[in-house]
file structure_17.csv (CSV, C-alpha atoms)
chain,number,residue,atom,x,y,z
H,459,MET,CA,25.4,-23.6,0.8
H,460,SER,CA,28.4,-22.0,-1.1
H,461,TYR,CA,26.3,-18.9,-1.2
H,462,LEU,CA,26.5,-18.5,2.6
H,463,PHE,CA,30.3,-18.9,2.8
H,464,ASP,CA,31.2,-16.7,-0.1
H,465,PRO,CA,32.5,-13.5,1.5
H,466,GLY,CA,31.5,-11.6,-1.6
H,467,ASN,CA,27.9,-12.2,-0.7
H,468,TRP,CA,28.3,-10.5,2.7
H,469,GLU,CA,30.0,-7.3,1.5
H,470,TRP,CA,26.7,-5.4,1.6
H,471,LEU,CA,26.8,-5.7,5.3
H,472,ILE,CA,29.9,-3.5,5.8
H,473,THR,CA,29.6,-1.2,2.8
H,474,GLY,CA,27.6,2.0,2.9
H,475,ASN,CA,25.4,2.4,5.9
H,476,ASN,CA,23.7,-1.0,5.7
H,477,ALA,CA,24.8,-2.3,9.2
H,478,ARG,CA,23.6,1.0,10.7
H,479,PHE,CA,20.2,0.7,9.0
H,480,ILE,CA,19.8,-2.8,10.4
H,481,LEU,CA,20.8,-1.5,13.9
H,482,GLU,CA,18.3,1.4,13.7
H,483,GLY,CA,15.5,-1.0,12.7
H,484,PHE,CA,16.5,-3.2,15.7
H,485,LEU,CA,16.3,-0.2,18.0
H,486,ILE,CA,12.8,0.7,16.7
H,487,ASN,CA,11.8,-2.9,17.5
H,488,LEU,CA,13.0,-2.6,21.0
H,489,GLU,CA,11.3,0.8,21.5
H,490,ILE,CA,7.9,-0.5,20.3
H,491,ALA,CA,8.3,-3.6,22.4
H,492,VAL,CA,9.0,-1.6,25.6
H,493,ILE,CA,6.1,0.8,25.1
H,494,ALA,CA,3.7,-2.0,24.2
H,495,MET,CA,4.9,-4.0,27.2
H,496,VAL,CA,4.1,-1.2,29.6
H,497,PHE,CA,0.7,-0.5,28.2
H,498,ALA,CA,-0.2,-4.2,27.9
H,499,LEU,CA,0.7,-4.8,31.5
H,500,VAL,CA,-1.5,-1.9,32.7
H,501,VAL,CA,-4.4,-2.7,30.4
H,502,GLY,CA,-4.0,-6.5,31.1
H,503,LEU,CA,-4.2,-6.0,34.8
H,504,ALA,CA,-7.3,-3.8,34.4
H,505,LEU,CA,-8.9,-6.5,32.2
H,506,ALA,CA,-8.0,-9.2,34.7
H,507,LEU,CA,-9.7,-7.2,37.5
H,508,LEU,CA,-12.8,-6.8,35.3
H,509,ARG,CA,-12.8,-10.5,34.5
H,510,LEU,CA,-12.7,-11.3,38.3
H,511,SER,CA,-15.4,-8.7,39.1
H,512,ARG,CA,-18.3,-9.8,41.3
H,513,ASN,CA,-20.7,-8.3,38.8
H,514,PRO,CA,-21.6,-11.2,36.5
H,515,VAL,CA,-22.3,-9.0,33.5
H,516,VAL,CA,-19.0,-7.2,33.7
H,517,SER,CA,-17.1,-10.5,34.3
H,518,PHE,CA,-18.9,-12.1,31.3
H,519,VAL,CA,-18.2,-9.2,28.9
H,520,ALA,CA,-14.6,-9.0,30.0
H,521,GLY,CA,-14.3,-12.8,29.6
H,522,ILE,CA,-15.6,-12.6,26.0
H,523,TRP,CA,-13.3,-9.7,25.2
H,524,VAL,CA,-10.2,-11.5,26.6
H,525,ASP,CA,-11.0,-14.8,24.8
H,526,VAL,CA,-11.6,-13.1,21.5
H,527,PHE,CA,-8.4,-11.1,21.4
H,528,ARG,CA,-6.3,-13.9,22.9
H,529,ASN,CA,-7.5,-16.3,20.2
H,530,LEU,CA,-6.9,-14.0,17.2
H,531,PRO,CA,-3.5,-14.0,15.4
H,532,LEU,CA,-1.4,-11.0,16.4
H,533,ILE,CA,-0.5,-10.4,12.7
H,534,PHE,CA,-4.2,-10.3,11.9
H,535,LEU,CA,-4.8,-7.6,14.5
H,536,ILE,CA,-1.8,-5.6,13.3
H,537,LEU,CA,-2.9,-5.8,9.7
H,538,TYR,CA,-6.5,-4.9,10.6
H,539,MET,CA,-5.4,-1.9,12.7
H,540,ALA,CA,-3.1,-0.7,9.9
H,541,LEU,CA,-5.8,-0.9,7.3
H,542,ALA,CA,-8.9,0.0,9.3
H,543,LEU,CA,-7.8,2.5,12.0
H,544,PRO,CA,-9.6,5.8,11.1
H,545,ILE,CA,-7.2,8.1,9.2
H,546,SER,CA,-8.1,10.9,11.6
H,547,TRP,CA,-6.7,8.9,14.5
H,548,ARG,CA,-3.4,8.3,12.6
H,549,ASP,CA,-3.2,12.0,11.7
H,550,ALA,CA,-3.8,12.9,15.4
H,551,TRP,CA,-0.9,10.7,16.3
H,552,GLU,CA,1.4,12.1,13.6
H,553,GLU,CA,0.6,15.7,14.8
H,554,ASN,CA,1.0,15.0,18.5
H,555,VAL,CA,4.1,12.7,18.5
H,556,PRO,CA,6.7,14.5,20.6
H,557,GLY,CA,9.8,16.0,18.9
H,558,TRP,CA,12.2,13.8,20.8
H,559,ALA,CA,10.6,10.6,19.6
H,560,PRO,CA,12.5,8.5,17.0
H,561,GLU,CA,11.9,9.4,13.4
H,562,ALA,CA,10.0,6.1,12.7
H,563,TYR,CA,7.4,7.2,15.2
H,564,ARG,CA,6.3,10.0,12.9
H,565,SER,CA,4.3,7.4,11.0
H,566,GLY,CA,0.7,6.8,12.1
H,567,PHE,CA,1.2,3.1,11.4
H,568,VAL,CA,3.4,2.8,14.6
H,569,PHE,CA,0.2,3.8,16.5
H,570,ALA,CA,-1.7,1.0,14.7
H,571,ALA,CA,1.1,-1.5,15.6
H,572,LEU,CA,1.0,-0.4,19.3
H,573,VAL,CA,-2.8,-0.6,19.5
H,574,ALA,CA,-2.7,-4.2,18.1
H,575,LEU,CA,0.2,-5.3,20.3
H,576,VAL,CA,-1.6,-3.9,23.4
H,577,LEU,CA,-4.9,-5.4,22.4
H,578,TYR,CA,-3.4,-8.9,22.0
H,579,ASN,CA,-0.9,-8.9,24.8
H,580,SER,CA,-3.2,-7.4,27.4
H,581,ALA,CA,-5.7,-10.2,26.7
H,582,VAL,CA,-3.0,-12.8,27.2
H,583,ILE,CA,-1.8,-11.1,30.4
H,584,ALA,CA,-5.3,-10.8,31.7
H,585,GLU,CA,-6.0,-14.4,31.1
H,586,SER,CA,-2.9,-15.6,32.9
H,587,CYS,CA,-3.5,-13.2,35.8
H,588,ALA,CA,-7.2,-14.2,36.1
H,589,ARG,CA,-6.2,-17.9,36.0
H,590,ALA,CA,-3.5,-17.5,38.6
H,591,SER,CA,-5.8,-15.6,40.9
H,592,SER,CA,-8.7,-18.0,40.7
H,593,ARG,CA,-6.3,-20.9,41.3
H,594,CYS,CA,-5.0,-19.1,44.4
H,595,ARG,CA,-8.6,-18.4,45.6
H,596,ALA,CA,-9.5,-22.1,45.2
H,597,ALA,CA,-6.4,-23.1,47.1
H,598,SER,CA,-7.2,-20.7,50.0
H,599,ARG,CA,-10.8,-21.9,50.0
H,600,ARG,CA,-9.6,-25.5,50.3
H,601,ARG,CA,-7.2,-24.4,53.1
H,602,ARG,CA,-9.9,-22.6,55.0
H,603,ALA,CA,-12.3,-25.6,54.6
H,604,ARG,CA,-9.6,-27.9,56.0
H,605,SER,CA,-8.7,-25.7,58.9
H,606,GLY,CA,-12.3,-24.6,59.5
H,607,SER,CA,-11.5,-21.0,60.1
H,608,ALA,CA,-11.5,-17.8,58.0
H,609,THR,CA,-7.9,-16.9,58.9
H,610,GLY,CA,-4.8,-17.8,57.0
H,611,SER,CA,-6.0,-16.6,53.6
H,612,ARG,CA,-3.1,-15.1,51.7
H,613,CYS,CA,-5.0,-13.8,48.6
H,614,GLY,CA,-7.9,-11.8,50.0
H,615,THR,CA,-11.4,-13.1,49.8
Y,705,MET,CA,-22.9,-2.4,9.3
Y,706,THR,CA,-26.0,-4.5,10.1
Y,707,GLY,CA,-26.0,-8.2,10.7
Y,708,PHE,CA,-27.9,-8.8,7.5
Y,709,ALA,CA,-25.2,-6.9,5.5
Y,710,LEU,CA,-22.5,-9.0,7.1
Y,711,ILE,CA,-24.2,-12.2,6.2
Y,712,SER,CA,-24.8,-11.2,2.6
Y,713,PHE,CA,-21.1,-10.1,2.5
Y,714,LEU,CA,-20.1,-13.6,3.6
Y,715,GLU,CA,-22.5,-15.2,1.0
Y,716,GLU,CA,-20.9,-13.1,-1.7
Y,717,HIS,CA,-17.3,-14.0,-0.9
Y,718,PHE,CA,-17.9,-17.5,0.6
Y,719,ASP,CA,-15.6,-19.3,-1.9
Y,720,ALA,CA,-12.6,-17.1,-1.0
Y,721,TYR,CA,-13.1,-17.6,2.7
Y,722,ALA,CA,-13.7,-21.4,2.3
Y,723,SER,CA,-10.5,-21.9,0.3
Y,724,GLY,CA,-8.5,-19.8,2.8
Y,725,PHE,CA,-9.9,-21.7,5.7
Y,726,TRP,CA,-9.0,-25.0,4.1
Y,727,VAL,CA,-5.5,-23.8,3.3
Y,728,THR,CA,-5.0,-22.7,6.9
Y,729,VAL,CA,-6.3,-26.1,8.2
Y,730,ARG,CA,-3.9,-28.0,5.9
Y,731,LEU,CA,-1.0,-25.8,6.9
Y,732,VAL,CA,-1.7,-26.4,10.6
Y,733,ALA,CA,-2.2,-30.1,10.1
Y,734,VAL,CA,1.1,-30.7,8.2
Y,735,SER,CA,3.1,-28.4,10.5
Y,736,PHE,CA,1.7,-30.1,13.5
Y,737,ALA,CA,2.9,-33.5,12.2
Y,738,ILE,CA,6.4,-32.0,11.5
Y,739,ALA,CA,6.5,-30.2,14.9
Y,740,MET,CA,5.6,-33.4,16.8
Y,741,ALA,CA,8.1,-35.5,14.9
Y,742,VAL,CA,10.9,-33.0,15.3
Y,743,GLY,CA,9.9,-32.1,18.8
Y,744,THR,CA,9.9,-35.7,20.0
Y,745,PHE,CA,13.3,-36.3,18.4
Y,746,MET,CA,14.8,-33.2,20.0
Y,747,ALA,CA,13.3,-34.0,23.4
Y,748,ALA,CA,14.8,-37.4,23.1
Y,749,LEU,CA,18.2,-35.8,22.4
Y,750,ARG,CA,17.8,-33.5,25.4
Y,751,VAL,CA,17.1,-36.3,27.8
Y,752,ALA,CA,19.8,-38.6,26.3
Y,753,PRO,CA,22.5,-39.7,28.7
Y,754,VAL,CA,25.2,-38.3,26.4
Y,755,VAL,CA,26.3,-34.7,27.0
Y,756,TRP,CA,27.0,-33.7,23.4
Y,757,LEU,CA,23.6,-35.0,22.2
Y,758,GLN,CA,22.0,-32.9,25.0
Y,759,ARG,CA,23.9,-29.9,23.7
Y,760,LEU,CA,22.8,-30.5,20.2
Y,761,GLY,CA,19.2,-30.6,21.3
Y,762,ALA,CA,19.7,-27.4,23.3
Y,763,VAL,CA,21.2,-25.6,20.4
Y,764,TYR,CA,18.3,-26.5,18.2
Y,765,VAL,CA,15.7,-25.4,20.7
Y,766,GLU,CA,17.4,-22.1,21.5
Y,767,THR,CA,18.0,-21.3,17.9
Y,768,PHE,CA,14.5,-22.0,16.6
Y,769,ARG,CA,12.7,-20.5,19.7
Y,770,ASN,CA,14.6,-17.3,19.5
Y,771,VAL,CA,14.3,-16.5,15.8
Y,772,PRO,CA,11.0,-14.9,14.9
Y,773,LEU,CA,8.9,-17.0,12.6
Y,774,LEU,CA,8.8,-14.3,10.0
Y,775,VAL,CA,12.6,-14.3,9.8
Y,776,LEU,CA,12.6,-18.1,9.5
Y,777,LEU,CA,10.1,-17.9,6.6
Y,778,PHE,CA,12.3,-15.3,4.9
Y,779,ILE,CA,15.4,-17.4,5.2
Y,780,SER,CA,13.7,-20.7,4.2
Y,781,PHE,CA,12.1,-19.2,1.1
Y,782,ALA,CA,13.9,-16.2,-0.2
Y,783,GLY,CA,17.2,-17.2,1.3
Y,784,LEU,CA,17.2,-20.8,0.1
Y,785,ARG,CA,16.1,-19.7,-3.4
Y,786,ARG,CA,18.9,-17.2,-3.5
Y,787,ALA,CA,21.3,-19.9,-2.5
Y,788,GLY,CA,20.1,-22.0,-5.4
Y,789,VAL,CA,17.7,-24.4,-3.7
Y,790,ASP,CA,14.5,-24.7,-5.6
Y,791,ILE,CA,12.0,-24.8,-2.7
Y,792,ASN,CA,8.3,-24.0,-3.1
Y,793,ALA,CA,6.2,-21.8,-0.9
Y,794,TRP,CA,4.2,-24.7,0.6
Y,795,VAL,CA,7.3,-26.7,1.7
Y,796,ALA,CA,9.0,-23.6,3.0
Y,797,GLY,CA,5.9,-22.5,5.0
Y,798,THR,CA,5.1,-25.9,6.6
Y,799,ALA,CA,8.7,-26.6,7.3
Y,800,SER,CA,9.3,-23.2,9.0
Y,801,LEU,CA,6.2,-23.4,11.1
Y,802,GLY,CA,6.8,-27.1,11.9
Y,803,LEU,CA,10.5,-26.6,12.9
Y,804,TYR,CA,9.6,-23.4,14.8
Y,805,THR,CA,6.9,-25.1,16.8
Y,806,GLY,CA,9.0,-28.2,17.1
Y,807,ALA,CA,11.4,-26.4,19.4
Y,808,TYR,CA,8.6,-25.5,21.8
Y,809,VAL,CA,7.2,-29.1,21.6
Y,810,ALA,CA,10.7,-30.4,22.5
Y,811,GLU,CA,10.7,-28.2,25.6
Y,812,ALA,CA,7.2,-29.2,26.6
Y,813,LEU,CA,8.0,-32.9,26.2
Y,814,ARG,CA,11.2,-32.6,28.1
Y,815,SER,CA,9.5,-31.0,31.1
Y,816,GLY,CA,6.9,-33.7,30.9
Y,817,VAL,CA,9.5,-36.4,31.2
Y,818,PHE,CA,11.2,-34.5,34.1
Y,819,SER,CA,7.8,-34.1,35.9
Y,820,VAL,CA,7.9,-37.8,36.7
Y,821,GLY,CA,9.6,-38.1,40.0
Y,822,LYS,CA,13.1,-39.4,40.0
Y,823,GLY,CA,12.2,-41.6,43.0
Y,824,GLN,CA,9.6,-43.5,40.9
Y,825,ILE,CA,12.2,-44.2,38.2
Y,826,GLU,CA,14.7,-45.4,40.8
Y,827,ALA,CA,12.0,-47.5,42.5
Y,828,SER,CA,10.9,-49.2,39.3
Y,829,LEU,CA,14.5,-49.9,38.3
Y,830,SER,CA,15.3,-51.4,41.7
Y,831,LEU,CA,12.1,-53.5,41.6
Y,832,GLY,CA,13.8,-55.2,38.6
Y,833,LEU,CA,12.0,-53.5,35.7
Y,834,THR,CA,14.4,-52.9,32.7
Y,835,TYR,CA,15.0,-49.4,31.5
Y,836,ARG,CA,12.6,-50.0,28.6
Y,837,GLU,CA,9.9,-51.3,30.9
Y,838,THR,CA,10.3,-48.4,33.2
Y,839,LEU,CA,10.0,-46.0,30.3
Y,840,ARG,CA,7.0,-47.9,28.9
Y,841,HIS,CA,5.0,-48.5,32.1
Y,842,VAL,CA,6.1,-45.7,34.5
Y,843,VAL,CA,7.5,-42.7,32.8
Y,844,LEU,CA,5.7,-42.2,29.5
Y,845,PRO,CA,2.1,-42.8,30.7
Y,846,GLN,CA,2.5,-40.1,33.3
Y,847,ALA,CA,4.5,-37.8,31.1
Y,848,PHE,CA,1.8,-38.0,28.4
Y,849,ARG,CA,-0.8,-36.8,30.7
Y,850,THR,CA,1.1,-33.8,32.0
Y,851,VAL,CA,2.1,-32.9,28.4
Y,852,ILE,CA,-1.5,-32.7,27.0
Y,853,SER,CA,-2.2,-29.1,28.1
Y,854,PRO,CA,1.1,-27.5,27.1
Y,855,LEU,CA,0.8,-29.3,23.7
Y,856,GLY,CA,-2.7,-28.0,23.4
Y,857,SER,CA,-1.7,-24.4,23.9
Y,858,LEU,CA,1.2,-24.9,21.4
Y,859,THR,CA,-1.3,-26.1,18.8
Y,860,ILE,CA,-3.5,-23.1,19.4
Y,861,ALA,CA,-0.4,-20.8,19.1
Y,862,MET,CA,0.4,-22.6,15.9
Y,863,ILE,CA,-3.0,-21.9,14.4
Y,864,LYS,CA,-2.4,-18.3,15.2
Y,865,ASN,CA,1.1,-18.3,13.9
Y,866,SER,CA,0.0,-19.8,10.6
Y,867,ALA,CA,-1.4,-16.4,9.8
Y,868,ILE,CA,2.1,-15.1,9.5
Y,869,ILE,CA,2.7,-17.3,6.5
Y,870,GLY,CA,-0.2,-15.6,4.7
Y,871,VAL,CA,1.3,-12.1,5.0
Y,872,SER,CA,4.9,-13.1,4.4
Y,873,LEU,CA,6.4,-13.2,1.0
Y,874,LEU,CA,5.3,-16.8,0.6
Y,875,ALA,CA,1.8,-15.5,-0.2
Y,876,LEU,CA,0.0,-18.8,0.3
Y,877,GLY,CA,-3.7,-18.2,0.1
Y,878,ASP,CA,-4.6,-18.8,3.7
Y,879,LEU,CA,-7.5,-17.2,5.6
Y,880,LEU,CA,-5.8,-13.9,6.3
Y,881,LYS,CA,-4.5,-13.6,2.7
Y,882,GLN,CA,-8.0,-14.2,1.4
Y,883,ALA,CA,-9.4,-11.6,3.7
Y,884,ARG,CA,-6.8,-9.1,2.4
Y,885,ILE,CA,-7.7,-10.0,-1.2
Y,886,VAL,CA,-11.5,-9.6,-0.4
Y,887,SER,CA,-10.9,-6.3,1.4
Y,888,SER,CA,-8.8,-4.8,-1.3
Y,889,ARG,CA,-11.4,-5.9,-3.9
Y,890,THR,CA,-14.4,-4.5,-2.0
Y,891,PHE,CA,-12.9,-1.7,0.2
Y,892,GLN,CA,-15.0,-3.1,3.0
Y,893,THR,CA,-12.1,-3.8,5.4
Y,894,ASP,CA,-14.3,-4.3,8.5
Y,895,GLU,CA,-16.5,-6.9,7.0
Y,896,ALA,CA,-13.7,-8.7,5.3
Y,897,PHE,CA,-11.6,-9.0,8.5
Y,898,PHE,CA,-14.7,-9.8,10.6
Y,899,TRP,CA,-15.3,-13.0,8.7
Y,900,ALA,CA,-11.6,-14.0,8.8
Y,901,ALA,CA,-11.7,-13.4,12.6
Y,902,VAL,CA,-14.7,-15.7,12.8
Y,903,GLY,CA,-12.7,-18.3,10.9
Y,904,TYR,CA,-9.7,-18.1,13.2
Y,905,LEU,CA,-12.0,-18.1,16.3
Y,906,LEU,CA,-13.7,-21.3,15.0
Y,907,LEU,CA,-10.4,-23.0,14.7
Y,908,THR,CA,-8.9,-21.9,18.0
Y,909,VAL,CA,-12.1,-22.4,20.0
Y,910,ALA,CA,-12.5,-25.9,18.5
Y,911,ALA,CA,-8.9,-26.7,19.5
Y,912,THR,CA,-9.5,-25.3,23.0
Y,913,LEU,CA,-12.6,-27.5,23.5
Y,914,LEU,CA,-10.7,-30.5,22.1
Y,915,VAL,CA,-7.8,-30.0,24.5
Y,916,ARG,CA,-10.1,-29.5,27.4
Y,917,GLY,CA,-11.9,-32.7,26.6
Y,918,LEU,CA,-8.6,-34.6,26.3
Y,919,GLU,CA,-7.4,-33.1,29.6
Y,920,ARG,CA,-10.6,-34.3,31.4
Y,921,ARG,CA,-10.4,-37.7,29.8
Y,922,PHE,CA,-6.8,-38.3,30.9
Y,923,ALA,CA,-6.8,-36.4,34.1
Y,924,ILE,CA,-4.9,-38.0,36.9
Y,925,ARG,CA,-7.3,-38.4,39.8
Y,926,ARG,CA,-5.7,-37.7,43.1
call {"tool": "encode", "arguments": {"input": "structure_17.csv", "output": "C-alpha cells"}}
result
Amino acid sequence: MSYLFDPGNWEWLITGNNARFILEGFLINLEIAVIAMVFALVVGLALALLRLSRNPVVSFVAGIWVDVFRNLPLIFLILYMALALPISWRDAWEENVPGWAPEAYRSGFVFAALVALVLYNSAVIAESCARASSRCRAASRRRRARSGSATGSRCGT
Amino acid sequence: MTGFALISFLEEHFDAYASGFWVTVRLVAVSFAIAMAVGTFMAALRVAPVVWLQRLGAVYVETFRNVPLLVLLFISFAGLRRAGVDINAWVAGTASLGLYTGAYVAEALRSGVFSVGKGQIEASLSLGLTYRETLRHVVLPQAFRTVISPLGSLTIAMIKNSAIIGVSLLALGDLLKQARIVSSRTFQTDEAFFWAAVGYLLLTVAATLLVRGLERRFAIRR
C-alpha cells in the first residue's frame, strides 16, 4: 500500500507529456465508441427487422447470426478481426481515411476494432429490439383477444 | 476451407483446445462463486436499514461496475506485484472477474428484493410474522424467482468476459489464449478461431438452456 501513497511514484503523471498521452488515448476511446455506437444502432435495427421478417428463412438465418455474434466474447471478435481481416481491406482503410481524422485512425487496426464492435453490439441491440417487439405484439394480441376487436393496437400488426 | 479440413485441424490440435476449454470452465466456476458471495453481501449492505452501510455498498457497486475489467486485471496483477504483493495470475484473474461480476450481481439481487411489493411485507409484518419469518417465507422465495433470469444473463456475460483474462497480461491458458497459440503456430487463423468460437458457443448455449430450464421450473404462474 505504501507504494500507492508515495508521491514519488506518481511523478510520472505530471512530468513530460504523460498526462497528455493518457488524455489522447481517452479521446480515441470516446471517438471509437461514438462511431461504433452509431453503426451498431443502424445495423442492429436492420438485423432486428430481418429477425422479425415474415419470411421464415430470412428470420431463421438472422436469428442464427444474432445468436452467434451475441454469444461470442467481444475480445474474441476484436482479436479475430485484427488477425484475420484481409490486408487489402486494412490498406483500403488506411488510404481512404480522411485527413481530418485523428492520427490513431491511420492504422488499419482501428477498422478491425470498429468491425468487431459493430458485429457484437448490433447483435445485442437486434436481440433486445426483437424481444421488445415480440413482447409488445403478444401484449396487443392479448388485448385484442380480450376486447374482441382489431382496433387499439399500438404496435402495428 | 472444407468441413473435412476443419475436423482434421481440430483432431490435430485437440489437446490445446481441451486444456483451454477446461481452464475457461474453471475460471468461470471459481469467479461465479466469488461473484455470488460478494454480490449477496453487497446487496445485503445496500438494503440494510443503516445509511452508511447503503453508501458503502453503492460505492462498491459503482466502482467495480464502471472500471473496465481489463483495467481491473491490470491493477490486480501488475499493480499489486509492483506494490510488493506476491499475487499469482490465477488468483488475480478469478478475483478480478469475480469482484467485477459481483457488482452486477449485487444490483440484480437488490432489484429482486425490491420487486416484492412493499404492501406484502407490511401485510406479513402486521399479520404477526417476525422480520426473519417475513424474509424467509415472503420476500426471498419471490425475490429468488425474479432474480433467476438476470443472474443467468450475468453468468453468460461472465463466460464471455473470461476471454479478456486470456488476452491480458495474466496470460492464463484459456480457450482464446490457446486459439492464439494454435493460430500463431499454424498460421491458420480462421480454423484456429473457428474452433475457439465453437467452444465459447458450447458454453454460452449450455448456460442459456440451463437458465431457460430454471426459469420454466420456477416460473410464477399467474
call {"tool": "interface_residues", "arguments": {"input": "structure_17.csv", "of": "chain Y", "to": "chain H", "cutoff": "9 Å", "atoms": "all atoms listed in the file", "output": "PyMOL selection string"}}
result
chain Y and resi 784+786-789+860-861+863-868+871+880+884+893-894+897+900-901+904-905+908-909
call {"tool": "residues_near_point", "arguments": {"input": "structure_17.csv", "point": "(-10.9, -13.0, 40.2)", "cutoff": "7 Å", "atoms": "all atoms listed in the file", "output": "list in words"}}
result
Leu507, Arg509, Leu510, Ser511, Ala588, Ser591 and Ser592 of chain H
call {"tool": "residues_around", "arguments": {"input": "structure_17.csv", "residues": "Arg769 of chain Y", "least_positions_apart": "3", "cutoff": "12 Å", "atoms": "only C-alpha atoms", "output": "list of chain:residue names"}}
result
Y:Gly743, Y:Ala762, Y:Val763, Y:Tyr764, Y:Val765, Y:Glu766, Y:Pro772, Y:Leu773, Y:Val775, Y:Leu776, Y:Ser800, Y:Leu801, Y:Gly802, Y:Leu803, Y:Tyr804, Y:Thr805, Y:Gly806, Y:Ala807, Y:Tyr808, Y:Val809, Y:Ala810, Y:Glu811
call {"tool": "residues_around", "arguments": {"input": "structure_17.csv", "residues": "Arg814 of chain Y", "least_positions_apart": "6", "cutoff": "12 Å", "atoms": "only C-alpha atoms", "output": "list in words"}}
result
Gly743, Thr744, Phe745, Met746, Ala747, Ala748, Leu749, Arg750, Val751, Ala752, Gln758, Gly761, Ala762, Val765, Ala807, Tyr808, Val820, Val843, Leu844, Ala847, Phe848, Thr850, Val851, Pro854 and Leu855 of chain Y
call {"tool": "atom_distance", "arguments": {"input": "structure_17.csv", "atom1": "atom CA of Leu577 of chain H", "atom2": "atom CA of Leu879 of chain Y"}}
result
20.7 Å
call {"tool": "atom_distance", "arguments": {"input": "structure_17.csv", "atom1": "atom CA of Leu505 of chain H", "atom2": "atom CA of Ser586 of chain H"}}
result
10.9 Å
call {"tool": "residues_around", "arguments": {"input": "structure_17.csv", "residues": "segment 557-570 of chain H", "least_positions_apart": "6", "cutoff": "6 Å", "atoms": "all atoms listed in the file", "output": "ChimeraX atom specification"}}
result
/H:539-540,548,551
call {"tool": "atom_distance", "arguments": {"input": "structure_17.csv", "atom1": "atom CA of Ala739 of chain Y", "atom2": "atom CA of Gln846 of chain Y"}}
result
21.3 Å
call {"tool": "closest_residue", "arguments": {"input": "structure_17.csv", "among": "Y:Asp719, Y:Val727, Y:Ala883, Y:Ala875", "to": "Phe898 of chain Y", "atoms": "all atoms listed in the file"}}
result
Y:Ala883
call {"tool": "build_atoms", "arguments": {"input": "structure_17.csv", "residues": "segment 531-547 of chain H", "atoms": "N, CA and C atoms", "output": "mmCIF file, in the coordinates of the input"}}
result
data_model
loop_
_atom_site.group_PDB
_atom_site.id
_atom_site.type_symbol
_atom_site.label_atom_id
_atom_site.label_comp_id
_atom_site.auth_asym_id
_atom_site.auth_seq_id
_atom_site.Cartn_x
_atom_site.Cartn_y
_atom_site.Cartn_z
ATOM 1 N N PRO H 531 -4.937 -14.191 15.716
ATOM 2 C CA PRO H 531 -3.500 -14.000 15.400
ATOM 3 C C PRO H 531 -3.077 -12.581 15.595
ATOM 4 N N LEU H 532 -1.896 -12.397 16.188
ATOM 5 C CA LEU H 532 -1.400 -11.000 16.400
ATOM 6 C C LEU H 532 -1.226 -10.314 15.042
ATOM 7 N N ILE H 533 -0.738 -11.053 14.044
ATOM 8 C CA ILE H 533 -0.500 -10.400 12.700
ATOM 9 C C ILE H 533 -1.811 -9.979 12.114
ATOM 10 N N PHE H 534 -2.866 -10.726 12.393
ATOM 11 C CA PHE H 534 -4.200 -10.300 11.900
ATOM 12 C C PHE H 534 -4.600 -9.000 12.537
ATOM 13 N N LEU H 535 -4.396 -8.863 13.858
ATOM 14 C CA LEU H 535 -4.800 -7.600 14.500
ATOM 15 C C LEU H 535 -3.945 -6.446 13.989
ATOM 16 N N ILE H 536 -2.629 -6.678 13.804
ATOM 17 C CA ILE H 536 -1.800 -5.600 13.300
ATOM 18 C C ILE H 536 -2.215 -5.150 11.939
ATOM 19 N N LEU H 537 -2.487 -6.136 11.065
ATOM 20 C CA LEU H 537 -2.900 -5.800 9.700
ATOM 21 C C LEU H 537 -4.224 -5.064 9.707
ATOM 22 N N TYR H 538 -5.162 -5.542 10.541
ATOM 23 C CA TYR H 538 -6.500 -4.900 10.600
ATOM 24 C C TYR H 538 -6.347 -3.467 11.084
ATOM 25 N N MET H 539 -5.548 -3.283 12.131
ATOM 26 C CA MET H 539 -5.400 -1.900 12.700
ATOM 27 C C MET H 539 -4.737 -1.015 11.626
ATOM 28 N N ALA H 540 -3.749 -1.557 10.914
ATOM 29 C CA ALA H 540 -3.100 -0.700 9.900
ATOM 30 C C ALA H 540 -4.028 -0.321 8.800
ATOM 31 N N LEU H 541 -4.950 -1.234 8.442
ATOM 32 C CA LEU H 541 -5.800 -0.900 7.300
ATOM 33 C C LEU H 541 -7.092 -0.191 7.754
ATOM 34 N N ALA H 542 -7.563 -0.448 8.993
ATOM 35 C CA ALA H 542 -8.900 0.000 9.300
ATOM 36 C C ALA H 542 -8.947 1.116 10.389
ATOM 37 N N LEU H 543 -7.798 1.452 10.984
ATOM 38 C CA LEU H 543 -7.800 2.500 12.000
ATOM 39 C C LEU H 543 -8.182 3.834 11.251
ATOM 40 N N PRO H 544 -9.151 4.600 11.802
ATOM 41 C CA PRO H 544 -9.600 5.800 11.100
ATOM 42 C C PRO H 544 -8.363 6.720 10.807
ATOM 43 N N ILE H 545 -8.362 7.279 9.608
ATOM 44 C CA ILE H 545 -7.200 8.100 9.200
ATOM 45 C C ILE H 545 -7.080 9.315 10.133
ATOM 46 N N SER H 546 -8.210 9.783 10.676
ATOM 47 C CA SER H 546 -8.100 10.900 11.600
ATOM 48 C C SER H 546 -7.331 10.576 12.837
ATOM 49 N N TRP H 547 -7.433 9.318 13.297
ATOM 50 C CA TRP H 547 -6.700 8.900 14.500
ATOM 51 C C TRP H 547 -5.175 8.905 14.159
#
